[in-house]
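Undergrad: Just so it is clear, I am handing over structure14.pdb, which has PDB, C-alpha atoms.
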```
MODEL        1
ATOM      1  CA  GLN F  27      20.339 -10.423  -0.318
ATOM      2  CA  ASN F  28      22.864 -10.736   2.474
ATOM      3  CA  PRO F  29      26.001  -8.783   1.468
ATOM      4  CA  LEU F  30      28.148 -11.115   3.583
ATOM      5  CA  GLU F  31      28.686 -14.869   3.533
ATOM      6  CA  THR F  32      28.018 -15.098  -0.199
ATOM      7  CA  THR F  33      30.667 -17.748  -0.929
ATOM      8  CA  GLY F  34      29.091 -20.503  -2.983
ATOM      9  CA  THR F  35      26.097 -18.408  -4.052
ATOM     10  CA  PHE F  36      25.434 -16.601  -7.306
ATOM     11  CA  PRO F  37      24.052 -13.094  -7.911
ATOM     12  CA  LEU F  38      20.428 -12.990  -8.969
ATOM     13  CA  PRO F  39      19.854 -12.615 -12.735
ATOM     14  CA  GLU F  40      18.901  -9.134 -13.913
ATOM     15  CA  ALA F  41      15.382 -10.297 -14.803
ATOM     16  CA  GLN F  42      14.814 -11.422 -11.219
ATOM     17  CA  LEU F  43      16.319  -8.279  -9.689
ATOM     18  CA  ASP F  44      13.891  -6.257 -11.799
ATOM     19  CA  ARG F  45      11.014  -7.895  -9.930
ATOM     20  CA  PHE F  46      12.103  -6.427  -6.594
ATOM     21  CA  PHE F  47      10.190  -3.203  -5.960
ATOM     22  CA  MET F  48      12.958  -1.560  -3.919
ATOM     23  CA  LYS F  49      16.398  -2.233  -2.542
ATOM     24  CA  LEU F  50      16.916  -0.797   0.942
ATOM     25  CA  SER F  51      19.918  -1.048   3.219
ATOM     26  CA  MET F  52      19.176  -1.029   6.946
ATOM     27  CA  GLY F  53      22.745  -0.261   7.881
ATOM     28  CA  LEU F  54      24.075  -0.650  11.422
ATOM     29  CA  PRO F  55      22.867   1.161  14.577
ATOM     30  CA  ASP F  56      24.857   4.073  15.965
ATOM     31  CA  LYS F  57      26.080   4.105  19.582
ATOM     32  CA  LYS F  58      22.873   5.589  21.013
ATOM     33  CA  GLU F  59      20.691   3.074  19.191
ATOM     34  CA  GLU F  60      22.957   0.219  20.257
ATOM     35  CA  VAL F  61      22.626   1.219  23.917
ATOM     36  CA  GLY F  62      18.862   1.341  23.480
ATOM     37  CA  ILE F  63      18.904  -2.221  22.145
ATOM     38  CA  LEU F  64      20.905  -3.396  25.144
ATOM     39  CA  LYS F  65      18.488  -1.747  27.581
ATOM     40  CA  ARG F  66      15.452  -3.316  25.936
ATOM     41  CA  PHE F  67      16.972  -6.790  26.102
ATOM     42  CA  ILE F  68      18.351  -6.697  29.675
ATOM     43  CA  LEU F  69      15.249  -8.288  31.200
ATOM     44  CA  ASP F  70      12.866  -8.884  28.317
ATOM     45  CA  GLN F  71      12.753 -10.464  24.886
ATOM     46  CA  PRO F  72      10.686  -7.878  22.951
ATOM     47  CA  TYR F  73      10.174 -10.138  19.934
ATOM     48  CA  GLU F  74       8.205 -12.545  22.129
ATOM     49  CA  THR F  75       5.546  -9.906  22.843
ATOM     50  CA  LEU F  76       5.344  -8.243  19.445
ATOM     51  CA  GLN F  77       1.861  -7.202  18.365
ATOM     52  CA  ALA F  78       0.539  -6.521  14.882
ATOM     53  CA  VAL F  79       0.495  -2.819  14.049
ATOM     54  CA  CYS F  80      -2.242  -3.154  11.424
ATOM     55  CA  LYS F  81      -4.542  -5.649   9.770
ATOM     56  CA  LYS F  82      -4.422  -7.075   6.250
ATOM     57  CA  GLU F  83      -7.549  -5.153   5.329
ATOM     58  CA  GLN F  84      -5.894  -1.883   6.341
ATOM     59  CA  ILE F  85      -2.885  -2.566   4.118
ATOM     60  CA  LEU F  86      -5.103  -3.389   1.143
ATOM     61  CA  ALA F  87      -7.146  -0.243   1.751
ATOM     62  CA  ALA F  88      -3.978   1.854   1.961
ATOM     63  CA  ARG F  89      -2.792   0.454  -1.373
ATOM     64  CA  GLU F  90      -6.024   1.601  -2.995
ATOM     65  CA  GLU F  91      -5.701   5.066  -1.453
ATOM     66  CA  VAL F  92      -2.147   5.389  -2.780
ATOM     67  CA  LYS F  93      -3.396   4.813  -6.338
ATOM     68  CA  LYS F  94      -5.587   7.921  -5.980
ATOM     69  CA  VAL F  95      -2.653  10.234  -5.211
ATOM     70  CA  HIS F  96      -2.541  12.816  -8.010
ATOM     71  CA  VAL F  97       0.496  12.900 -10.305
ATOM     72  CA  HIS F  98       0.660  15.822 -12.700
ATOM     73  CA  GLU F  99       1.528  15.154 -16.335
ATOM     74  CA  LEU F 100       4.705  17.231 -15.981
ATOM     75  CA  LEU F 101       5.873  14.853 -13.269
ATOM     76  CA  LEU F 102       5.017  11.803 -15.354
ATOM     77  CA  ASP F 103       7.229  13.316 -18.038
ATOM     78  CA  TYR F 104       9.962  13.897 -15.427
ATOM     79  CA  MET F 105       9.843  10.228 -14.379
ATOM     80  CA  ALA F 106      10.059   9.099 -18.002
ATOM     81  CA  GLU F 107      13.025  11.416 -18.577
ATOM     82  CA  LEU F 108      14.884   9.909 -15.601
ATOM     83  CA  VAL F 109      14.274   6.400 -16.901
ATOM     84  CA  GLN F 110      15.384   7.370 -20.402
ATOM     85  CA  GLY F 111      18.566   8.739 -18.858
ATOM     86  CA  THR F 112      19.444   5.271 -17.547
ATOM     87  CA  ARG F 113      18.996   3.820 -21.034
ATOM     88  CA  LYS F 114      21.199   6.387 -22.781
ATOM     89  CA  ASP F 115      24.138   6.467 -20.345
ATOM     90  CA  LYS F 116      27.284   4.927 -21.869
ATOM     91  CA  GLU F 117      28.303   3.413 -18.528
ATOM     92  CA  ILE F 118      25.021   1.495 -18.250
ATOM     93  CA  LEU F 119      24.590  -1.638 -20.342
ATOM     94  CA  SER F 120      20.935  -2.112 -19.433
ATOM     95  CA  GLY F 121      18.758   0.660 -18.028
ATOM     96  CA  VAL F 122      15.511   0.679 -16.107
ATOM     97  CA  SER F 123      12.700  -1.367 -17.636
ATOM     98  CA  PRO F 124       9.025  -0.313 -17.957
ATOM     99  CA  ARG F 125       8.402  -2.364 -14.804
ATOM    100  CA  GLY F 126      10.872  -0.080 -13.049
ATOM    101  CA  THR F 127       9.087   2.991 -14.399
ATOM    102  CA  MET F 128       5.824   1.749 -12.908
ATOM    103  CA  ALA F 129       7.592   1.067  -9.609
ATOM    104  CA  LEU F 130       8.899   4.662  -9.592
ATOM    105  CA  LEU F 131       5.354   5.936 -10.076
ATOM    106  CA  ARG F 132       3.862   3.822  -7.276
ATOM    107  CA  ALA F 133       6.728   4.547  -4.892
ATOM    108  CA  SER F 134       6.373   8.305  -5.482
ATOM    109  CA  GLN F 135       2.636   8.121  -4.830
ATOM    110  CA  ALA F 136       3.159   6.047  -1.695
ATOM    111  CA  TYR F 137       5.822   8.407  -0.330
ATOM    112  CA  ALA F 138       3.578  11.434  -0.941
ATOM    113  CA  TRP F 139       0.673   9.640   0.801
ATOM    114  CA  ILE F 140       2.852   8.794   3.797
ATOM    115  CA  GLN F 141       3.811  12.467   3.993
ATOM    116  CA  GLY F 142       0.111  13.332   4.261
ATOM    117  CA  ARG F 143      -0.361  14.729   0.753
ATOM    118  CA  ASP F 144      -2.785  13.734  -1.993
ATOM    119  CA  TYR F 145      -0.418  14.851  -4.754
ATOM    120  CA  VAL F 146       3.164  14.098  -5.768
ATOM    121  CA  VAL F 147       5.942  16.718  -5.882
ATOM    122  CA  PRO F 148       9.379  16.330  -7.531
ATOM    123  CA  GLU F 149      11.048  15.787  -4.153
ATOM    124  CA  ASP F 150       9.012  12.593  -3.710
ATOM    125  CA  ILE F 151      10.343  11.214  -6.987
ATOM    126  CA  LYS F 152      13.931  12.157  -6.171
ATOM    127  CA  LYS F 153      13.637  10.596  -2.714
ATOM    128  CA  VAL F 154      12.612   7.160  -3.990
ATOM    129  CA  ALA F 155      14.523   7.119  -7.293
ATOM    130  CA  GLY F 156      17.659   5.496  -5.858
ATOM    131  CA  PRO F 157      15.987   2.677  -3.897
ATOM    132  CA  VAL F 158      13.639   1.928  -6.802
ATOM    133  CA  MET F 159      16.002   2.120  -9.781
ATOM    134  CA  ALA F 160      19.624   1.574  -8.712
ATOM    135  CA  HIS F 161      19.428  -2.225  -8.317
ATOM    136  CA  ARG F 162      17.865  -2.558 -11.787
ATOM    137  CA  LEU F 163      20.898  -1.165 -13.618
ATOM    138  CA  VAL F 164      23.474  -3.367 -15.347
ATOM    139  CA  LEU F 165      26.725  -1.407 -15.379
ATOM    140  CA  SER F 166      29.629  -1.721 -17.769
ATOM    141  CA  ARG F 167      32.605  -3.276 -15.986
ATOM    142  CA  GLY F 168      34.988  -1.313 -18.191
ATOM    143  CA  PHE F 169      34.486   1.798 -16.054
ATOM    144  CA  GLY F 170      35.749   0.321 -12.787
ATOM    145  CA  GLY F 171      34.103  -1.011  -9.670
ATOM    146  CA  ALA F 172      33.819   2.419  -8.054
ATOM    147  CA  VAL F 173      30.758   3.225 -10.144
ATOM    148  CA  THR F 174      27.578   1.866  -8.569
ATOM    149  CA  GLY F 175      23.916   1.963  -9.519
ATOM    150  CA  LYS F 176      23.268   4.454  -6.740
ATOM    151  CA  ILE F 177      25.969   6.789  -8.041
ATOM    152  CA  LYS F 178      24.590   6.605 -11.577
ATOM    153  CA  ILE F 179      21.051   7.439 -10.407
ATOM    154  CA  GLU F 180      22.389  10.424  -8.455
ATOM    155  CA  GLU F 181      24.232  11.612 -11.584
ATOM    156  CA  ILE F 182      21.101  11.327 -13.714
ATOM    157  CA  LEU F 183      19.024  13.161 -11.090
ATOM    158  CA  SER F 184      21.516  16.024 -11.211
ATOM    159  CA  LYS F 185      21.335  16.253 -15.012
ATOM    160  CA  VAL F 186      17.591  16.096 -15.661
ATOM    161  CA  SER F 187      15.689  19.380 -15.378
ATOM    162  CA  VAL F 188      13.217  19.382 -12.484
ATOM    163  CA  PRO F 189       9.710  20.838 -12.917
ATOM    164  CA  THR F 190       9.135  23.484 -10.241
ATOM    165  CA  GLU F 191       5.699  24.289  -8.952
ATOM    166  CA  GLU F 192       3.834  26.422  -6.427
ATOM    167  CA  TRP F 193       0.729  24.738  -5.041
ATOM    168  CA  ASP F 194      -2.310  26.850  -4.267
ATOM    169  CA  HIS F 195      -4.669  25.192  -1.749
ATOM    170  CA  ASN F 196      -7.368  27.861  -1.960
ATOM    171  CA  TRP F 197      -8.914  27.143  -5.359
ATOM    172  CA  ARG F 198     -12.209  25.314  -5.495
ATOM    173  CA  PHE F 199     -13.646  22.661  -7.778
ATOM    174  CA  GLY F 200     -17.410  22.551  -7.277
ATOM    175  CA  ASP F 201     -17.862  22.253  -3.514
ATOM    176  CA  GLU F 202     -14.485  20.584  -2.991
ATOM    177  CA  LEU F 203     -11.166  22.239  -2.346
ATOM    178  CA  CYS F 204      -8.706  21.711  -5.189
ATOM    179  CA  ALA F 205      -5.978  20.790  -2.698
ATOM    180  CA  GLY F 206      -2.717  21.481  -4.416
ATOM    181  CA  GLU F 207      -3.997  20.867  -7.905
ATOM    182  CA  ASN F 208      -3.648  24.381  -9.257
ATOM    183  CA  LEU F 209      -0.069  24.446 -10.398
ATOM    184  CA  ARG F 210       2.199  27.188 -11.580
ATOM    185  CA  ALA F 211       4.759  25.234 -13.543
ATOM    186  CA  SER F 212       8.119  26.227 -14.869
ATOM    187  CA  VAL F 213      11.089  24.311 -16.186
ATOM    188  CA  GLY F 214      14.717  25.270 -15.621
ATOM    189  CA  LYS F 215      16.732  26.599 -18.532
ATOM    190  CA  GLU F 216      19.593  24.309 -17.569
ATOM    191  CA  PRO F 217      19.636  20.951 -15.751
ATOM    192  CA  GLY F 218      18.661  21.602 -12.160
ATOM    193  CA  CYS F 219      18.254  25.356 -12.768
ATOM    194  CA  PRO F 220      15.055  26.970 -11.406
ATOM    195  CA  GLY F 221      15.197  29.732 -14.042
ATOM    196  CA  ARG F 222      11.793  30.082 -15.679
ATOM    197  CA  ILE F 223      11.324  29.645 -19.412
ATOM    198  CA  SER F 224       7.546  29.378 -19.069
ATOM    199  CA  GLU F 225       4.949  30.103 -16.445
ATOM    200  CA  ARG F 226       1.396  28.946 -16.761
ATOM    201  CA  ALA F 227      -1.437  27.908 -14.512
ATOM    202  CA  VAL F 228      -2.040  24.205 -14.893
ATOM    203  CA  SER F 229      -5.096  22.517 -13.445
ATOM    204  CA  GLY F 230      -4.788  19.108 -11.861
ATOM    205  CA  ARG F 231      -8.429  18.136 -12.451
ATOM    206  CA  PRO F 232     -10.794  18.660 -15.415
ATOM    207  CA  GLY F 233     -12.918  21.746 -14.814
ATOM    208  CA  CYS F 234     -10.380  23.776 -12.806
ATOM    209  CA  HIS F 235      -9.538  27.029 -14.566
ATOM    210  CA  ALA F 236      -6.669  29.429 -14.106
ATOM    211  CA  ASP F 237      -9.113  32.256 -13.399
ATOM    212  CA  GLY F 238     -10.433  30.461 -10.304
ATOM    213  CA  ASN F 239     -13.769  29.487 -11.818
ATOM    214  CA  HIS F 240     -15.014  25.958 -12.301
ATOM    215  CA  LEU F 241     -17.303  24.107 -14.711
TER     216      LEU F 241
ENDMDL
END
```
As structure tokens, please, write out the structure in this file.
TA:
Amino acid sequence: QNPLETTGTFPLPEAQLDRFFMKLSMGLPDKKEEVGILKRFILDQPYETLQAVCKKEQILAAREEVKKVHVHELLLDYMAELVQGTRKDKEILSGVSPRGTMALLRASQAYAWIQGRDYVVPEDIKKVAGPVMAHRLVLSRGFGGAVTGKIKIEEILSKVSVPTEEWDHNWRFGDELCAGENLRASVGKEPGCPGRISERAVSGRPGCHADGNHL
């Protein structure tokens, strides 16, 4: 949606907004970027010579690869806790729907894949939480216009305890390297606190054991 020139138009209903996977703001270029734009357009029109960067088949293949990115159960629980936080907040009339929860999962997997990993870490979830969830919130007008969906998501992220893990890339499953799937997990005693209340080896795949052996 264009944030300007909206006279005579109506905001999209919440049910339609919920169907948008993400809301991203491109913003405006800084001075250096603006100069670069001017230089590119002095003699040429770059958009007239644009070439495709990938084929449809490559995009479809990438989507299938993203689905294979491992998400530990602790992180699934973390995602659910964030979503529940949007539904319990008194300043939010309508929180994130199950469709939004699924979008958070896929976005986290995609971001991890783009970063070159085959597993999700909490930072991936926190990175995409705002773009995925903020536009889905219906806020109470009684708390003033200064409160936005983005602000509420940031507040919830700061309140929900984050699972912390140390990934060991040297454990093996059969003849394959268990890349990052042996997890030492701990949960903070307080929201956002890394203090350990438990420490246990958690395997990411069936057959991986904490003692380094495999079935």
Undergrad: Report the distance between CA of Ala133 in chain F and CA of Met105 in chain F in Å, rounded to one decimal place.
TA: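 CA of Ala133 in chain F sits 11.5 Å away from CA of Met105 in chain F.
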Undergrad: Would you mind reading off the distance between CA of Gln141 in chain F and CA of Gln77 in chain F, one decimal, in Å?
TA: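 Pair CA of Gln141 in chain F / CA of Gln77 in chain F returns 24.4 Å.
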Undergrad: As a check of understanding, name the residues that the PyMOL selection byres ((chain F and resi 93-101) around 9) selects in the supplied structure, as an NGL selection string.
TA: :F and (88-92 or 102-106 or 131-132 or 134-136 or 138-139 or 143-148 or 151 or 188-189 or 207 or 209 or 211 or 229-230)
Undergrad: For C-alpha atoms, I'd like the residues from the last selection saved as a compact mmCIF listing (two decimals), keeping the file's coordinate frame.
TA:
```
# COMPACT_ATOMS: atom_id res chain seq x y z
CA ALA F 88 -3.98 1.85 1.96
CA ARG F 89 -2.79 0.45 -1.37
CA GLU F 90 -6.02 1.60 -3.00
CA GLU F 91 -5.70 5.07 -1.45
CA VAL F 92 -2.15 5.39 -2.78
CA LEU F 102 5.02 11.80 -15.35
CA ASP F 103 7.23 13.32 -18.04
CA TYR F 104 9.96 13.90 -15.43
CA MET F 105 9.84 10.23 -14.38
CA ALA F 106 10.06 9.10 -18.00
CA LEU F 131 5.35 5.94 -10.08
CA ARG F 132 3.86 3.82 -7.28
CA SER F 134 6.37 8.30 -5.48
CA GLN F 135 2.64 8.12 -4.83
CA ALA F 136 3.16 6.05 -1.70
CA ALA F 138 3.58 11.43 -0.94
CA TRP F 139 0.67 9.64 0.80
CA ARG F 143 -0.36 14.73 0.75
CA ASP F 144 -2.78 13.73 -1.99
CA TYR F 145 -0.42 14.85 -4.75
CA VAL F 146 3.16 14.10 -5.77
CA VAL F 147 5.94 16.72 -5.88
CA PRO F 148 9.38 16.33 -7.53
CA ILE F 151 10.34 11.21 -6.99
CA VAL F 188 13.22 19.38 -12.48
CA PRO F 189 9.71 20.84 -12.92
CA GLU F 207 -4.00 20.87 -7.90
CA LEU F 209 -0.07 24.45 -10.40
CA ALA F 211 4.76 25.23 -13.54
CA SER F 229 -5.10 22.52 -13.44
CA GLY F 230 -4.79 19.11 -11.86
```
Undergrad: Once the PyMOL selection byres ((chain F and resi 163) around 9) has been applied to the shown file, what residues remain in the selection, as a count of residues only?
TA: 17
Undergrad: Could you tell me how far CA of Glu60 in chain F lies from CA of Pro72 in chain F, in Å and to one decimal?
TA: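 That distance, rounded to one decimal, is 14.9 Å.
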